[in-house]
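I have placed the structure first, in the form of structure tokens, so that the comments after it can refer back to it.
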Amino acid sequence: MNEWPDGWTNTSRGREGRGRGAPRPDPTRVMPHTSAPGVPPQTRGPGGSGHGPGGGGYDVGHGQPQAGYDSGYSEGQVYGGGRSGGRDDYGDRPRPDWRRRTKWTLITLVVVVLVWSVGTYFWADSKLRREVDLSIVEDRPEGGDGTNYLIVGSDSREGMSKEERQKLHTGGPTDKGRTDSIMILHVGSNGNTMISLPRDSDVEIPSFTGSESGKHYPAQGKHTKINATYSMDGPELLVRTVEHNTGLRIDHYAEIGFGGFAKIVDAVGGVEMDIPRDIKDDKSGADFKKGKQTLNGQEALAFVRTRYALPGSDLDRTKNQQKFLSALANQTATPSTVLNPFKLYPTMGAGLDTLKVDKDMSLWNVASMFWAMKGVSGGDGKSMNMPIAGPAPGGNLQWDKAKVKKLVSQLNNDEKVTVTSDR
């Protein structure tokens, strides 16, 4: 048992702070923690709850008011309540300014999105392969209203391994290759028009300047299939041939090979197509049942290349190509792709790495081209084949010259196209 000052003991203190056998404290003694010899009692003033004269204190032993006890609290003061002067319950820290925080959060978000968008634009723009020089194309027709894109799907095996060529049924490597699909996309104010040029179209080879040799080749009056001109001297001669045989000026050129096409489809997670009939073609690798289904890259390539298993051969194939490219553009230009960097960058990377364009084509032109293709699939425009008159000598497809002339006139004047490909 330890002795406390003034006779207090700490023997077995109970719930009330003293042991059961401990002597009751003398109320006349002063507890050491409330007052000490020579220290005047503290008070909150008249009417306070503390010790001291008029403090309204309580007798420790009997629970009665005791003069001289100062509790330290004032009866007229409210603690822990009310907010005034923009401060919180503690009276020291200002209340959060949520309006200011919201403003700066929005500003930060806008800056981040802006920096990300600008960075993405320059990254994508730097990946464009501007390899086609349209400035060497001779005797070009006058330009009209709107913008004309020549979109080419080539059978280029560039960058593909032997295993990939076997998997995609593309055959062995080629030199310049040929074009499996050729389309003119007119983007104008009266609806967009997509026109397929069948690869077996009979065309006249015009005079031209070699894209690599720089040598001038005069016209010889020879006719050939339009896709053969690509293998003769590449994109520049193909553009020259299209302009010479149609009278329509081509503003921009875009080409994608087999491998790039398949990679884009896989990057967007496949493309849903409604196939109208069963298709089986050993040459392209196509093996489809009728109905809706999602095609991966390998299946999509087989679908757009198939012609021998179709009743209309190449004319039916061009229609399938239009449908698929429109569906692909429609699926690519969606928020789920554009706003998802884990989907956007692989898609753009797959496409831009293999996309060949002319030297004057910007990333904005590429976006406009795909957006227009999406519009055609959504009904905002028209898709058709170049009007065919019948077979030409040698089995090629001869264009209907009167209809082609009217079609080109409507495109140049940016009028609504009324010409059809029906005979």
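Order determines the names: the first chain of the structure tokens is A, the second B, and so forth; residues in each chain are numbered 1 upward, and ligands are numbered 1 upward as they are shown.
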
All residues 9 Å or closer to Ile136 in chain A, only C-alpha atoms, same chain fewer than 6 positions away omitted, as a PDB file with N, CA, C and O atoms, in the first residue's frame:
ATOM      1  N   PHE A 208       2.295   6.330-119.824  1.00  0.00           N
ATOM      2  CA  PHE A 208       2.616   6.572-118.424  1.00  0.00           C
ATOM      3  C   PHE A 208       4.119   6.695-118.235  1.00  0.00           C
ATOM      4  O   PHE A 208       4.900   6.335-119.116  1.00  0.00           O
ATOM      5  N   THR A 209       4.480   7.211-117.071  1.00  0.00           N
ATOM      6  CA  THR A 209       5.883   7.325-116.688  1.00  0.00           C
ATOM      7  C   THR A 209       6.161   6.309-115.589  1.00  0.00           C
ATOM      8  O   THR A 209       5.427   6.248-114.592  1.00  0.00           O
ATOM      9  N   GLY A 210       7.192   5.506-115.762  1.00  0.00           N
ATOM     10  CA  GLY A 210       7.511   4.467-114.784  1.00  0.00           C
ATOM     11  C   GLY A 210       7.750   5.046-113.397  1.00  0.00           C
ATOM     12  O   GLY A 210       8.484   6.038-113.248  1.00  0.00           O
ATOM     13  N   SER A 211       7.161   4.451-112.388  1.00  0.00           N
ATOM     14  CA  SER A 211       7.277   4.970-111.026  1.00  0.00           C
ATOM     15  C   SER A 211       8.687   4.830-110.469  1.00  0.00           C
ATOM     16  O   SER A 211       9.110   5.618-109.623  1.00  0.00           O
ATOM     17  N   GLY A 214      11.336   6.084-114.106  1.00  0.00           N
ATOM     18  CA  GLY A 214      11.175   7.450-114.619  1.00  0.00           C
ATOM     19  C   GLY A 214      11.076   7.486-116.138  1.00  0.00           C
ATOM     20  O   GLY A 214      10.991   8.563-116.733  1.00  0.00           O
ATOM     21  N   GLU A 236       0.767   3.800-109.096  1.00  0.00           N
ATOM     22  CA  GLU A 236       0.724   4.981-109.958  1.00  0.00           C
ATOM     23  C   GLU A 236       0.097   4.664-111.313  1.00  0.00           C
ATOM     24  O   GLU A 236      -0.733   5.438-111.825  1.00  0.00           O
TER      25      GLU A 236
END

Residues at most 8 Å from Pro206 in chain A, counting only C-alpha atoms, excluding those fewer than 4 positions away in the same chain, as a ChimeraX atom specification?
/A:218-221,240-241,244

Every residue of range 320-358 of chain A that DSSP places in alpha helix (DSSP H), as a VMD selection string:
chain A and resid 320 to 332 335 to 338 341 to 354

List as a PyMOL selection string the protein and nucleic acid residues near Arg277 in chain A, meaning an atom at most 8 Å away when only C-alpha atoms are counted, but skip any in the same chain fewer than 5 places from it.
chain A and resi 289-291

Selected residues, N, CA and C atoms, written as a PDB file, in the first residue's frame, please.
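Final output, saved to out25.pdb:
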ATOM      1  N   LYS A 289     -21.390 -21.482 -93.372  1.00  0.00           N
ATOM      2  CA  LYS A 289     -22.795 -21.830 -93.412  1.00  0.00           C
ATOM      3  C   LYS A 289     -23.621 -20.546 -93.464  1.00  0.00           C
ATOM      4  N   LYS A 290     -24.791 -20.646 -93.995  1.00  0.00           N
ATOM      5  CA  LYS A 290     -25.678 -19.500 -94.118  1.00  0.00           C
ATOM      6  C   LYS A 290     -26.048 -18.966 -92.726  1.00  0.00           C
ATOM      7  N   GLY A 291     -26.127 -17.628 -92.604  1.00  0.00           N
ATOM      8  CA  GLY A 291     -26.571 -17.026 -91.355  1.00  0.00           C
ATOM      9  C   GLY A 291     -25.558 -16.065 -90.750  1.00  0.00           C
TER      10      GLY A 291
END

Just give me the gap between CA of Met348 in chain A and CA of Leu109 in chain A in Å, one decimal is fine.
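Rounded to one decimal, the two atoms are 23.8 Å apart.
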
Pick from A:Gln298, A:Thr179, A:Thr193, A:Gln410: nearest to Glu255 in chain A, with only C-alpha atoms counted?
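Using only C-alpha atoms, the shortest distance to Glu255 in chain A belongs to A:Thr179.
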
What lies within 8 Å of Leu407 in chain A using only C-alpha atoms, ignoring chain neighbours under 2 positions off, as a CSV table (one decimal) with all heavy atoms, in the first residue's frame?
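Final output, out15.csv:
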chain,number,residue,atom,x,y,z
A,403,LYS,N,-23.4,4.8,-119.4
A,403,LYS,CA,-23.6,4.9,-117.9
A,403,LYS,C,-22.4,5.4,-117.1
A,403,LYS,O,-22.6,6.2,-116.2
A,403,LYS,CB,-24.1,3.5,-117.4
A,403,LYS,CG,-25.5,3.1,-117.8
A,403,LYS,CD,-25.9,1.9,-117.0
A,403,LYS,CE,-27.4,1.6,-117.2
A,403,LYS,NZ,-27.9,0.5,-116.4
A,404,VAL,N,-21.3,4.9,-117.5
A,404,VAL,CA,-20.1,5.4,-116.8
A,404,VAL,C,-19.9,6.9,-117.0
A,404,VAL,O,-19.5,7.6,-116.0
A,404,VAL,CB,-18.8,4.7,-117.4
A,404,VAL,CG1,-17.5,5.3,-116.8
A,404,VAL,CG2,-18.9,3.2,-117.0
A,405,LYS,N,-20.2,7.4,-118.2
A,405,LYS,CA,-20.0,8.9,-118.4
A,405,LYS,C,-21.0,9.6,-117.6
A,405,LYS,O,-20.7,10.7,-117.0
A,405,LYS,CB,-20.3,9.2,-119.9
A,405,LYS,CG,-20.1,10.6,-120.3
A,405,LYS,CD,-20.3,10.9,-121.8
A,405,LYS,CE,-20.1,12.3,-122.1
A,405,LYS,NZ,-20.3,12.6,-123.6
A,409,SER,N,-20.2,12.2,-114.3
A,409,SER,CA,-20.7,13.5,-114.3
A,409,SER,C,-21.4,13.8,-113.0
A,409,SER,O,-21.2,14.9,-112.4
A,409,SER,CB,-21.7,13.7,-115.5
A,409,SER,OG,-22.3,15.0,-115.4
A,410,GLN,N,-22.2,12.9,-112.5
A,410,GLN,CA,-22.9,13.1,-111.2
A,410,GLN,C,-21.9,13.2,-110.1
A,410,GLN,O,-22.1,14.0,-109.1
A,410,GLN,CB,-23.9,11.9,-111.0
A,410,GLN,CG,-25.1,12.0,-112.0
A,410,GLN,CD,-26.0,10.8,-111.8
A,410,GLN,OE1,-25.6,9.7,-111.3
A,410,GLN,NE2,-27.2,11.0,-112.3
A,411,LEU,N,-20.8,12.4,-110.1
A,411,LEU,CA,-19.8,12.4,-109.0
A,411,LEU,C,-19.1,13.8,-109.1
A,411,LEU,O,-18.8,14.4,-108.0
A,411,LEU,CB,-18.9,11.3,-109.2
A,411,LEU,CG,-19.4,9.9,-109.0
A,411,LEU,CD1,-18.4,8.8,-109.2
A,411,LEU,CD2,-20.0,9.7,-107.6
A,417,VAL,N,-26.3,10.2,-106.9
A,417,VAL,CA,-26.1,9.2,-107.9
A,417,VAL,C,-27.4,8.4,-108.2
A,417,VAL,O,-28.0,7.8,-107.3
A,417,VAL,CB,-25.0,8.2,-107.6
A,417,VAL,CG1,-24.9,7.1,-108.6
A,417,VAL,CG2,-23.7,8.9,-107.4
A,418,THR,N,-27.8,8.5,-109.5
A,418,THR,CA,-29.0,7.8,-109.9
A,418,THR,C,-28.7,6.6,-110.8
A,418,THR,O,-29.6,5.8,-111.1
A,418,THR,CB,-30.0,8.7,-110.6
A,418,THR,OG1,-29.3,9.3,-111.8
A,418,THR,CG2,-30.4,9.8,-109.7
A,419,VAL,N,-27.5,6.6,-111.3
A,419,VAL,CA,-27.0,5.5,-112.2
A,419,VAL,C,-27.0,4.2,-111.4
A,419,VAL,O,-26.6,4.2,-110.2
A,419,VAL,CB,-25.7,5.8,-112.8
A,419,VAL,CG1,-25.2,4.6,-113.7
A,419,VAL,CG2,-25.7,7.1,-113.6

One-decimal distance in Å that lies between CA of Asn296 in chain A and CA of Lys319 in chain A
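Computing the Euclidean distance for CA of Lys319 in chain A and CA of Asn296 in chain A yields 19.3 Å.
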